[in-house]
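Notes for the one structure printed next.
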Amino acid sequence: EISAVAEKYGEFQKLGVEILSMSIDSVFVHKMWNDKELSKMVNNGVPFPMLSDAGGRVGTAYGIYDEDAGVETRGRFIIDPEGVVQGFEVLTPPVGRNVNESLRQVQAFQLVRESKGKEATPSGWKPGKLTLNPGPDLVGKVWEVWKTEMAFD
């Protein structure tokens, strides 16, 4: 997954997003992993910081550190400029996350933020697609927007 995110790093940067990778592994393990493995998958290796959470303090704060096993579950957290977690995804270790979905969600969160909540994104929304305008006028009419949107997919 880290290599998939590394390949899309430029797209995240265009959105003004910074990527941080963190695990309980030491910075030395990260360097070895980047030099011996990741750099063969991604030109020049991982372009964003790989941080060490030795002891699992950050993982504990985010609810992904298993103290008994001494491991962190893999998770992805979207944090807004004020430091508020707007979205997260934690899956069991054998199942990888989709970096394109992460990009789509960042774009959706940014659109909602820029509109100051006057627009909402329906399921599967992509840039350029119809948005919803939350409020009393939308109640009972979401299906109309949904039906119109589905006609153009």
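All residue names refer to the structure tokens as shown: chains lettered A, B, ... in order, residues numbered from 1 in each chain, ligands numbered from 1 in order.
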
Check which residues of segment 23-87 of chain A sit at most 9 Å from segment 94-112 of chain A using only C-alpha atoms, and return one row each with the closest pair of atoms and their distance in Å to one decimal, ordered by chain and rising number, as a Markdown table.
| residue | atom | partner | partner_atom | distance |
| --- | --- | --- | --- | --- |
| A:Arg74 | CA | A:Gly96 | CA | 8.8 |
| A:Gly75 | CA | A:Arg97 | CA | 8.7 |
| A:Arg76 | CA | A:Arg97 | CA | 8.3 |
| A:Ile78 | CA | A:Val106 | CA | 7.3 |
| A:Asp80 | CA | A:Phe109 | CA | 8.7 |
| A:Gln86 | CA | A:Phe109 | CA | 7.8 |
| A:Gly87 | CA | A:Gln105 | CA | 8.3 |

Keeping only all heavy atoms, take the residues you just selected and write them out as a PDB file, in the first residue's frame.
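So the final result, stored in part-v4.pdb, reads:
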ATOM      1  N   ARG A  74      -3.283  -1.549  10.506  1.00  0.00           N
ATOM      2  CA  ARG A  74      -3.108  -0.531   9.469  1.00  0.00           C
ATOM      3  C   ARG A  74      -4.359   0.339   9.383  1.00  0.00           C
ATOM      4  O   ARG A  74      -5.474  -0.162   9.344  1.00  0.00           O
ATOM      5  CB  ARG A  74      -2.848  -1.179   8.126  1.00  0.00           C
ATOM      6  CG  ARG A  74      -1.522  -1.877   8.072  1.00  0.00           C
ATOM      7  CD  ARG A  74      -1.329  -2.519   6.725  1.00  0.00           C
ATOM      8  NE  ARG A  74      -0.092  -3.260   6.701  1.00  0.00           N
ATOM      9  CZ  ARG A  74       0.205  -4.147   5.788  1.00  0.00           C
ATOM     10  NH1 ARG A  74      -0.644  -4.384   4.808  1.00  0.00           N
ATOM     11  NH2 ARG A  74       1.345  -4.777   5.836  1.00  0.00           N
ATOM     12  N   GLY A  75      -4.134   1.616   9.308  1.00  0.00           N
ATOM     13  CA  GLY A  75      -5.256   2.545   9.198  1.00  0.00           C
ATOM     14  C   GLY A  75      -4.879   3.734   8.347  1.00  0.00           C
ATOM     15  O   GLY A  75      -3.703   4.050   8.179  1.00  0.00           O
ATOM     16  N   ARG A  76      -5.909   4.375   7.808  1.00  0.00           N
ATOM     17  CA  ARG A  76      -5.726   5.593   7.034  1.00  0.00           C
ATOM     18  C   ARG A  76      -6.633   6.646   7.658  1.00  0.00           C
ATOM     19  O   ARG A  76      -7.806   6.389   7.919  1.00  0.00           O
ATOM     20  CB  ARG A  76      -6.121   5.360   5.574  1.00  0.00           C
ATOM     21  CG  ARG A  76      -5.914   6.597   4.762  1.00  0.00           C
ATOM     22  CD  ARG A  76      -6.950   6.959   3.732  1.00  0.00           C
ATOM     23  NE  ARG A  76      -8.094   6.148   3.484  1.00  0.00           N
ATOM     24  CZ  ARG A  76      -9.351   6.554   3.748  1.00  0.00           C
ATOM     25  NH1 ARG A  76      -9.571   7.702   4.336  1.00  0.00           N
ATOM     26  NH2 ARG A  76     -10.365   5.802   3.446  1.00  0.00           N
ATOM     27  N   ILE A  78      -7.854  10.763   7.506  1.00  0.00           N
ATOM     28  CA  ILE A  78      -7.901  12.036   6.789  1.00  0.00           C
ATOM     29  C   ILE A  78      -8.145  13.098   7.856  1.00  0.00           C
ATOM     30  O   ILE A  78      -9.186  13.103   8.517  1.00  0.00           O
ATOM     31  CB  ILE A  78      -9.014  12.058   5.723  1.00  0.00           C
ATOM     32  CG1 ILE A  78      -8.741  10.978   4.665  1.00  0.00           C
ATOM     33  CG2 ILE A  78      -9.106  13.446   5.082  1.00  0.00           C
ATOM     34  CD1 ILE A  78      -9.853  10.817   3.645  1.00  0.00           C
ATOM     35  N   ASP A  80      -8.203  17.197   8.796  1.00  0.00           N
ATOM     36  CA  ASP A  80      -8.351  18.509   8.164  1.00  0.00           C
ATOM     37  C   ASP A  80      -7.292  19.487   8.693  1.00  0.00           C
ATOM     38  O   ASP A  80      -6.531  19.166   9.612  1.00  0.00           O
ATOM     39  CB  ASP A  80      -9.780  19.031   8.311  1.00  0.00           C
ATOM     40  CG  ASP A  80     -10.149  19.480   9.721  1.00  0.00           C
ATOM     41  OD1 ASP A  80      -9.257  19.654  10.579  1.00  0.00           O
ATOM     42  OD2 ASP A  80     -11.357  19.660   9.968  1.00  0.00           O
ATOM     43  N   GLN A  86     -11.499  13.731   9.878  1.00  0.00           N
ATOM     44  CA  GLN A  86     -12.731  13.802   9.103  1.00  0.00           C
ATOM     45  C   GLN A  86     -13.148  12.436   8.574  1.00  0.00           C
ATOM     46  O   GLN A  86     -14.319  12.206   8.292  1.00  0.00           O
ATOM     47  CB  GLN A  86     -12.564  14.769   7.933  1.00  0.00           C
ATOM     48  CG  GLN A  86     -12.383  16.199   8.353  1.00  0.00           C
ATOM     49  CD  GLN A  86     -13.611  16.768   9.039  1.00  0.00           C
ATOM     50  OE1 GLN A  86     -14.742  16.396   8.760  1.00  0.00           O
ATOM     51  NE2 GLN A  86     -13.390  17.676   9.963  1.00  0.00           N
ATOM     52  N   GLY A  87     -12.200  11.540   8.424  1.00  0.00           N
ATOM     53  CA  GLY A  87     -12.505  10.204   7.928  1.00  0.00           C
ATOM     54  C   GLY A  87     -11.372   9.269   8.256  1.00  0.00           C
ATOM     55  O   GLY A  87     -10.231   9.691   8.429  1.00  0.00           O
TER      56      GLY A  87
END

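By only C-alpha atoms, and with residues fewer than 3 positions from Ile64 of chain A along its chain excluded, the set lying at most 8 Å from it is Gly59, Thr60, Ala61, Glu72, Thr73, Arg74, Gly75 and Val90 of chain A.
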
### Message
Using DSSP secondary structure from the backbone, list all helix (DSSP H, G or I) positions within segment 44-150 of chain A, as number ranges by chain.
### Response
A: 57-61, 99-114, 136-138, 142-150

Take the residues from that selection and write them out as an mmCIF file, in the first residue's frame, keeping C-alpha atoms.
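What follows is the written file selection-v9.cif:
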data_model
loop_
_atom_site.group_PDB
_atom_site.id
_atom_site.type_symbol
_atom_site.label_atom_id
_atom_site.label_comp_id
_atom_site.auth_asym_id
_atom_site.auth_seq_id
_atom_site.Cartn_x
_atom_site.Cartn_y
_atom_site.Cartn_z
ATOM 1 C CA ARG A 57 1.501 6.121 21.761
ATOM 2 C CA VAL A 58 0.098 7.591 18.547
ATOM 3 C CA GLY A 59 -1.517 4.268 17.601
ATOM 4 C CA THR A 60 -3.156 4.144 21.019
ATOM 5 C CA ALA A 61 -4.547 7.660 20.560
ATOM 6 C CA VAL A 99 -5.474 4.821 -2.736
ATOM 7 C CA ASN A 100 -7.853 6.078 -5.461
ATOM 8 C CA GLU A 101 -10.683 5.993 -2.931
ATOM 9 C CA SER A 102 -8.525 7.965 -0.523
ATOM 10 C CA LEU A 103 -7.972 10.622 -3.222
ATOM 11 C CA ARG A 104 -11.697 10.710 -4.003
ATOM 12 C CA GLN A 105 -12.580 11.151 -0.342
ATOM 13 C CA VAL A 106 -10.068 13.975 0.096
ATOM 14 C CA GLN A 107 -11.592 15.719 -2.935
ATOM 15 C CA ALA A 108 -15.086 15.247 -1.487
ATOM 16 C CA PHE A 109 -14.068 16.570 1.942
ATOM 17 C CA GLN A 110 -12.402 19.564 0.306
ATOM 18 C CA LEU A 111 -15.496 20.352 -1.784
ATOM 19 C CA VAL A 112 -17.754 20.184 1.275
ATOM 20 C CA ARG A 113 -15.325 22.324 3.259
ATOM 21 C CA GLU A 114 -14.982 24.938 0.496
ATOM 22 C CA PRO A 136 -35.428 21.142 3.879
ATOM 23 C CA ASP A 137 -35.892 21.428 0.085
ATOM 24 C CA LEU A 138 -33.925 18.193 -0.404
ATOM 25 C CA VAL A 142 -32.841 12.824 -2.976
ATOM 26 C CA TRP A 143 -34.096 10.113 -5.313
ATOM 27 C CA GLU A 144 -34.589 12.738 -8.075
ATOM 28 C CA VAL A 145 -30.950 13.803 -7.850
ATOM 29 C CA TRP A 146 -29.856 10.176 -7.595
ATOM 30 C CA LYS A 147 -31.896 9.171 -10.649
ATOM 31 C CA THR A 148 -30.537 12.131 -12.672
ATOM 32 C CA GLU A 149 -26.945 11.372 -11.630
ATOM 33 C CA MET A 150 -27.262 7.677 -12.444
#

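Residues in contact with segment 17-31 of chain A at 7 Å, where only C-alpha atoms are counted and same-chain residues fewer than 2 positions away are skipped, are listed as A:Phe12, A:Gln13, A:Leu15, A:Trp33, A:Asn34, A:Asp35, A:Phe48, A:Pro49, A:Met50, A:Leu51, A:Ser52, A:Asp53, A:Ala54, A:Gly55, A:Gly56.
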
Would you write out those residues with all heavy atoms, as a tab-separated table (two decimals), in the first residue's frame?
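Dumped everything to out_37.tsv:
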chain	number	residue	atom	x	y	z
A	12	PHE	N	-1.81	13.94	-4.51
A	12	PHE	CA	-2.16	14.42	-3.17
A	12	PHE	C	-1.58	15.82	-2.95
A	12	PHE	O	-2.26	16.70	-2.42
A	12	PHE	CB	-1.66	13.46	-2.08
A	12	PHE	CG	-2.51	12.24	-1.91
A	12	PHE	CD1	-2.09	11.02	-2.40
A	12	PHE	CD2	-3.74	12.30	-1.26
A	12	PHE	CE1	-2.86	9.88	-2.23
A	12	PHE	CE2	-4.52	11.18	-1.08
A	12	PHE	CZ	-4.09	9.95	-1.58
A	13	GLN	N	-0.33	16.02	-3.37
A	13	GLN	CA	0.30	17.33	-3.21
A	13	GLN	C	-0.46	18.42	-3.96
A	13	GLN	O	-0.59	19.53	-3.46
A	13	GLN	CB	1.75	17.29	-3.67
A	13	GLN	CG	2.67	16.62	-2.67
A	13	GLN	CD	4.12	16.84	-3.01
A	13	GLN	OE1	4.55	16.62	-4.13
A	13	GLN	NE2	4.89	17.30	-2.03
A	15	LEU	N	-3.48	18.64	-4.31
A	15	LEU	CA	-4.66	18.95	-3.49
A	15	LEU	C	-4.28	19.64	-2.19
A	15	LEU	O	-5.14	19.96	-1.37
A	15	LEU	CB	-5.44	17.66	-3.18
A	15	LEU	CG	-6.06	16.95	-4.37
A	15	LEU	CD1	-6.62	15.59	-3.95
A	15	LEU	CD2	-7.15	17.81	-5.01
A	33	TRP	N	13.73	-0.87	4.83
A	33	TRP	CA	12.57	-1.28	4.04
A	33	TRP	C	12.47	-0.42	2.78
A	33	TRP	O	12.25	-0.91	1.69
A	33	TRP	CB	11.32	-1.19	4.90
A	33	TRP	CG	10.10	-1.79	4.29
A	33	TRP	CD1	10.01	-2.94	3.57
A	33	TRP	CD2	8.78	-1.27	4.37
A	33	TRP	NE1	8.72	-3.17	3.19
A	33	TRP	CE2	7.94	-2.16	3.67
A	33	TRP	CE3	8.21	-0.16	4.96
A	33	TRP	CZ2	6.57	-1.95	3.55
A	33	TRP	CZ3	6.85	0.04	4.84
A	33	TRP	CH2	6.05	-0.86	4.14
A	34	ASN	N	12.67	0.89	2.94
A	34	ASN	CA	12.62	1.79	1.79
A	34	ASN	C	13.75	1.49	0.81
A	34	ASN	O	13.53	1.37	-0.40
A	34	ASN	CB	12.69	3.24	2.25
A	34	ASN	CG	12.48	4.22	1.11
A	34	ASN	OD1	11.49	4.16	0.40
A	34	ASN	ND2	13.44	5.10	0.91
A	35	ASP	N	14.97	1.34	1.34
A	35	ASP	CA	16.15	1.14	0.48
A	35	ASP	C	16.14	-0.22	-0.22
A	35	ASP	O	16.55	-0.33	-1.37
A	35	ASP	CB	17.43	1.28	1.29
A	35	ASP	CG	17.66	2.70	1.77
A	35	ASP	OD1	16.91	3.61	1.36
A	35	ASP	OD2	18.59	2.89	2.58
A	48	PHE	N	7.59	10.70	1.09
A	48	PHE	CA	7.02	11.36	2.27
A	48	PHE	C	7.60	10.75	3.53
A	48	PHE	O	8.17	9.66	3.50
A	48	PHE	CB	5.48	11.28	2.27
A	48	PHE	CG	4.93	9.93	1.94
A	48	PHE	CD1	4.83	8.93	2.91
A	48	PHE	CD2	4.51	9.62	0.66
A	48	PHE	CE1	4.32	7.69	2.62
A	48	PHE	CE2	3.99	8.36	0.35
A	48	PHE	CZ	3.90	7.40	1.34
A	49	PRO	N	7.47	11.44	4.66
A	49	PRO	CA	8.08	10.95	5.90
A	49	PRO	C	7.50	9.61	6.36
A	49	PRO	O	6.29	9.40	6.32
A	49	PRO	CB	7.75	12.04	6.93
A	49	PRO	CG	7.45	13.26	6.12
A	49	PRO	CD	6.86	12.76	4.84
A	50	MET	N	8.40	8.75	6.80
A	50	MET	CA	8.02	7.48	7.42
A	50	MET	C	8.41	7.62	8.89
A	50	MET	O	9.59	7.57	9.24
A	50	MET	CB	8.75	6.32	6.75
A	50	MET	CG	8.36	6.14	5.29
A	50	MET	SD	9.36	4.88	4.44
A	50	MET	CE	8.82	3.39	5.25
A	51	LEU	N	7.42	7.80	9.74
A	51	LEU	CA	7.65	8.09	11.15
A	51	LEU	C	7.57	6.83	12.00
A	51	LEU	O	6.86	5.89	11.67
A	51	LEU	CB	6.59	9.10	11.63
A	51	LEU	CG	6.47	10.37	10.79
A	51	LEU	CD1	5.30	11.21	11.26
A	51	LEU	CD2	7.76	11.16	10.81
A	52	SER	N	8.29	6.85	13.11
A	52	SER	CA	8.29	5.72	14.04
A	52	SER	C	7.41	6.04	15.25
A	52	SER	O	7.56	7.09	15.87
A	52	SER	CB	9.71	5.41	14.51
A	52	SER	OG	9.70	4.37	15.45
A	53	ASP	N	6.53	5.12	15.56
A	53	ASP	CA	5.66	5.23	16.74
A	53	ASP	C	6.07	4.16	17.76
A	53	ASP	O	5.26	3.37	18.21
A	53	ASP	CB	4.18	5.05	16.32
A	53	ASP	CG	3.22	5.23	17.49
A	53	ASP	OD1	3.56	5.92	18.46
A	53	ASP	OD2	2.10	4.67	17.41
A	54	ALA	N	7.37	4.14	18.08
A	54	ALA	CA	7.88	3.16	19.04
A	54	ALA	C	7.07	3.28	20.34
A	54	ALA	O	6.91	4.36	20.88
A	54	ALA	CB	9.36	3.40	19.30
A	55	GLY	N	6.56	2.18	20.81
A	55	GLY	CA	5.75	2.17	22.02
A	55	GLY	C	4.27	2.34	21.75
A	55	GLY	O	3.44	2.13	22.65
A	56	GLY	N	3.91	2.75	20.54
A	56	GLY	CA	2.50	2.80	20.15
A	56	GLY	C	1.67	3.92	20.74
A	56	GLY	O	0.44	3.83	20.78

### Task
Apply DSSP to the backbone of this structure and, from segment 56-150 of chain A, keep only the residues in strand (DSSP E or B); write these as an MDAnalysis selection string.
chainID A and resid 65:66 71:72 75:79 85:90 120 132

Just the selected residues (all heavy atoms), exported as a short mmCIF file (atom, residue, chain, number, x, y, z; two decimals), in the first residue's frame, please.
data_model
loop_
_atom_site.label_atom_id
_atom_site.label_comp_id
_atom_site.auth_asym_id
_atom_site.auth_seq_id
_atom_site.Cartn_x
_atom_site.Cartn_y
_atom_site.Cartn_z
N TYR A 65 -3.60 0.58 18.11
CA TYR A 65 -2.47 -0.14 18.72
C TYR A 65 -2.99 -1.24 19.63
O TYR A 65 -3.81 -1.00 20.52
CB TYR A 65 -1.59 0.82 19.52
CG TYR A 65 -0.38 0.15 20.13
CD1 TYR A 65 0.64 -0.36 19.33
CD2 TYR A 65 -0.25 0.04 21.51
CE1 TYR A 65 1.75 -0.97 19.88
CE2 TYR A 65 0.87 -0.57 22.06
CZ TYR A 65 1.86 -1.07 21.25
OH TYR A 65 2.96 -1.68 21.80
N ASP A 66 -2.51 -2.45 19.41
CA ASP A 66 -2.85 -3.60 20.25
C ASP A 66 -1.68 -3.80 21.21
O ASP A 66 -0.64 -4.36 20.85
CB ASP A 66 -3.07 -4.84 19.39
CG ASP A 66 -3.42 -6.07 20.19
OD1 ASP A 66 -3.16 -6.12 21.42
OD2 ASP A 66 -3.96 -7.01 19.58
N VAL A 71 1.46 -4.59 18.34
CA VAL A 71 1.36 -4.26 16.91
C VAL A 71 0.28 -3.21 16.69
O VAL A 71 -0.61 -3.03 17.52
CB VAL A 71 1.03 -5.50 16.05
CG1 VAL A 71 2.14 -6.52 16.14
CG2 VAL A 71 -0.30 -6.11 16.43
N GLU A 72 0.38 -2.53 15.57
CA GLU A 72 -0.65 -1.58 15.16
C GLU A 72 -1.39 -2.15 13.96
O GLU A 72 -0.77 -2.74 13.07
CB GLU A 72 -0.03 -0.23 14.79
CG GLU A 72 0.50 0.53 15.98
CD GLU A 72 1.21 1.81 15.61
OE1 GLU A 72 1.79 1.92 14.52
OE2 GLU A 72 1.19 2.71 16.44
N GLY A 75 -4.13 1.62 9.31
CA GLY A 75 -5.26 2.54 9.20
C GLY A 75 -4.88 3.73 8.35
O GLY A 75 -3.70 4.05 8.18
N ARG A 76 -5.91 4.38 7.81
CA ARG A 76 -5.73 5.59 7.03
C ARG A 76 -6.63 6.65 7.66
O ARG A 76 -7.81 6.39 7.92
CB ARG A 76 -6.12 5.36 5.57
CG ARG A 76 -5.91 6.60 4.76
CD ARG A 76 -6.95 6.96 3.73
NE ARG A 76 -8.09 6.15 3.48
CZ ARG A 76 -9.35 6.55 3.75
NH1 ARG A 76 -9.57 7.70 4.34
NH2 ARG A 76 -10.37 5.80 3.45
N PHE A 77 -6.07 7.81 7.95
CA PHE A 77 -6.81 8.87 8.60
C PHE A 77 -6.73 10.14 7.76
O PHE A 77 -5.63 10.53 7.35
CB PHE A 77 -6.24 9.14 10.00
CG PHE A 77 -6.36 7.93 10.90
CD1 PHE A 77 -5.40 6.93 10.89
CD2 PHE A 77 -7.45 7.79 11.74
CE1 PHE A 77 -5.50 5.82 11.69
CE2 PHE A 77 -7.58 6.66 12.54
CZ PHE A 77 -6.60 5.68 12.53
N ILE A 78 -7.85 10.76 7.51
CA ILE A 78 -7.90 12.04 6.79
C ILE A 78 -8.15 13.10 7.86
O ILE A 78 -9.19 13.10 8.52
CB ILE A 78 -9.01 12.06 5.72
CG1 ILE A 78 -8.74 10.98 4.67
CG2 ILE A 78 -9.11 13.45 5.08
CD1 ILE A 78 -9.85 10.82 3.65
N ILE A 79 -7.17 13.98 8.01
CA ILE A 79 -7.20 15.00 9.06
C ILE A 79 -7.23 16.36 8.39
O ILE A 79 -6.41 16.66 7.52
CB ILE A 79 -5.97 14.85 9.97
CG1 ILE A 79 -5.94 13.42 10.55
CG2 ILE A 79 -6.00 15.89 11.08
CD1 ILE A 79 -4.66 13.07 11.26
N VAL A 85 -10.03 14.76 12.74
CA VAL A 85 -10.15 13.58 11.88
C VAL A 85 -11.52 13.65 11.19
O VAL A 85 -12.56 13.64 11.85
CB VAL A 85 -10.02 12.28 12.70
CG1 VAL A 85 -10.28 11.06 11.81
CG2 VAL A 85 -8.65 12.18 13.34
N GLN A 86 -11.50 13.73 9.88
CA GLN A 86 -12.73 13.80 9.10
C GLN A 86 -13.15 12.44 8.57
O GLN A 86 -14.32 12.21 8.29
CB GLN A 86 -12.56 14.77 7.93
CG GLN A 86 -12.38 16.20 8.35
CD GLN A 86 -13.61 16.77 9.04
OE1 GLN A 86 -14.74 16.40 8.76
NE2 GLN A 86 -13.39 17.68 9.96
N GLY A 87 -12.20 11.54 8.42
CA GLY A 87 -12.51 10.20 7.93
C GLY A 87 -11.37 9.27 8.26
O GLY A 87 -10.23 9.69 8.43
N PHE A 88 -11.71 7.99 8.38
CA PHE A 88 -10.68 7.00 8.62
C PHE A 88 -11.15 5.65 8.13
O PHE A 88 -12.35 5.42 7.97
CB PHE A 88 -10.27 6.93 10.10
CG PHE A 88 -11.37 6.47 11.01
CD1 PHE A 88 -11.51 5.14 11.36
CD2 PHE A 88 -12.26 7.39 11.55
CE1 PHE A 88 -12.53 4.72 12.21
CE2 PHE A 88 -13.27 6.99 12.40
CZ PHE A 88 -13.40 5.65 12.74
N GLU A 89 -10.19 4.79 7.87
CA GLU A 89 -10.48 3.43 7.43
C GLU A 89 -9.44 2.52 8.07
O GLU A 89 -8.24 2.74 7.93
CB GLU A 89 -10.41 3.33 5.91
CG GLU A 89 -10.76 1.97 5.38
CD GLU A 89 -10.77 1.93 3.86
OE1 GLU A 89 -10.00 2.68 3.22
OE2 GLU A 89 -11.55 1.14 3.32
N VAL A 90 -9.92 1.52 8.77
CA VAL A 90 -9.06 0.53 9.40
C VAL A 90 -9.56 -0.84 8.97
O VAL A 90 -10.72 -1.17 9.19
CB VAL A 90 -9.08 0.66 10.94
CG1 VAL A 90 -8.21 -0.40 11.58
CG2 VAL A 90 -8.65 2.06 11.37
N ALA A 120 -23.07 18.63 -0.47
CA ALA A 120 -22.72 17.32 0.07
C ALA A 120 -22.50 16.38 -1.11
O ALA A 120 -23.09 16.58 -2.19
CB ALA A 120 -23.83 16.79 0.97
N LEU A 132 -25.22 17.30 -3.71
CA LEU A 132 -26.50 17.54 -3.06
C LEU A 132 -26.42 18.86 -2.29
O LEU A 132 -25.35 19.23 -1.81
CB LEU A 132 -26.83 16.40 -2.08
CG LEU A 132 -26.92 15.00 -2.69
CD1 LEU A 132 -27.09 13.96 -1.59
CD2 LEU A 132 -28.05 14.92 -3.69
#
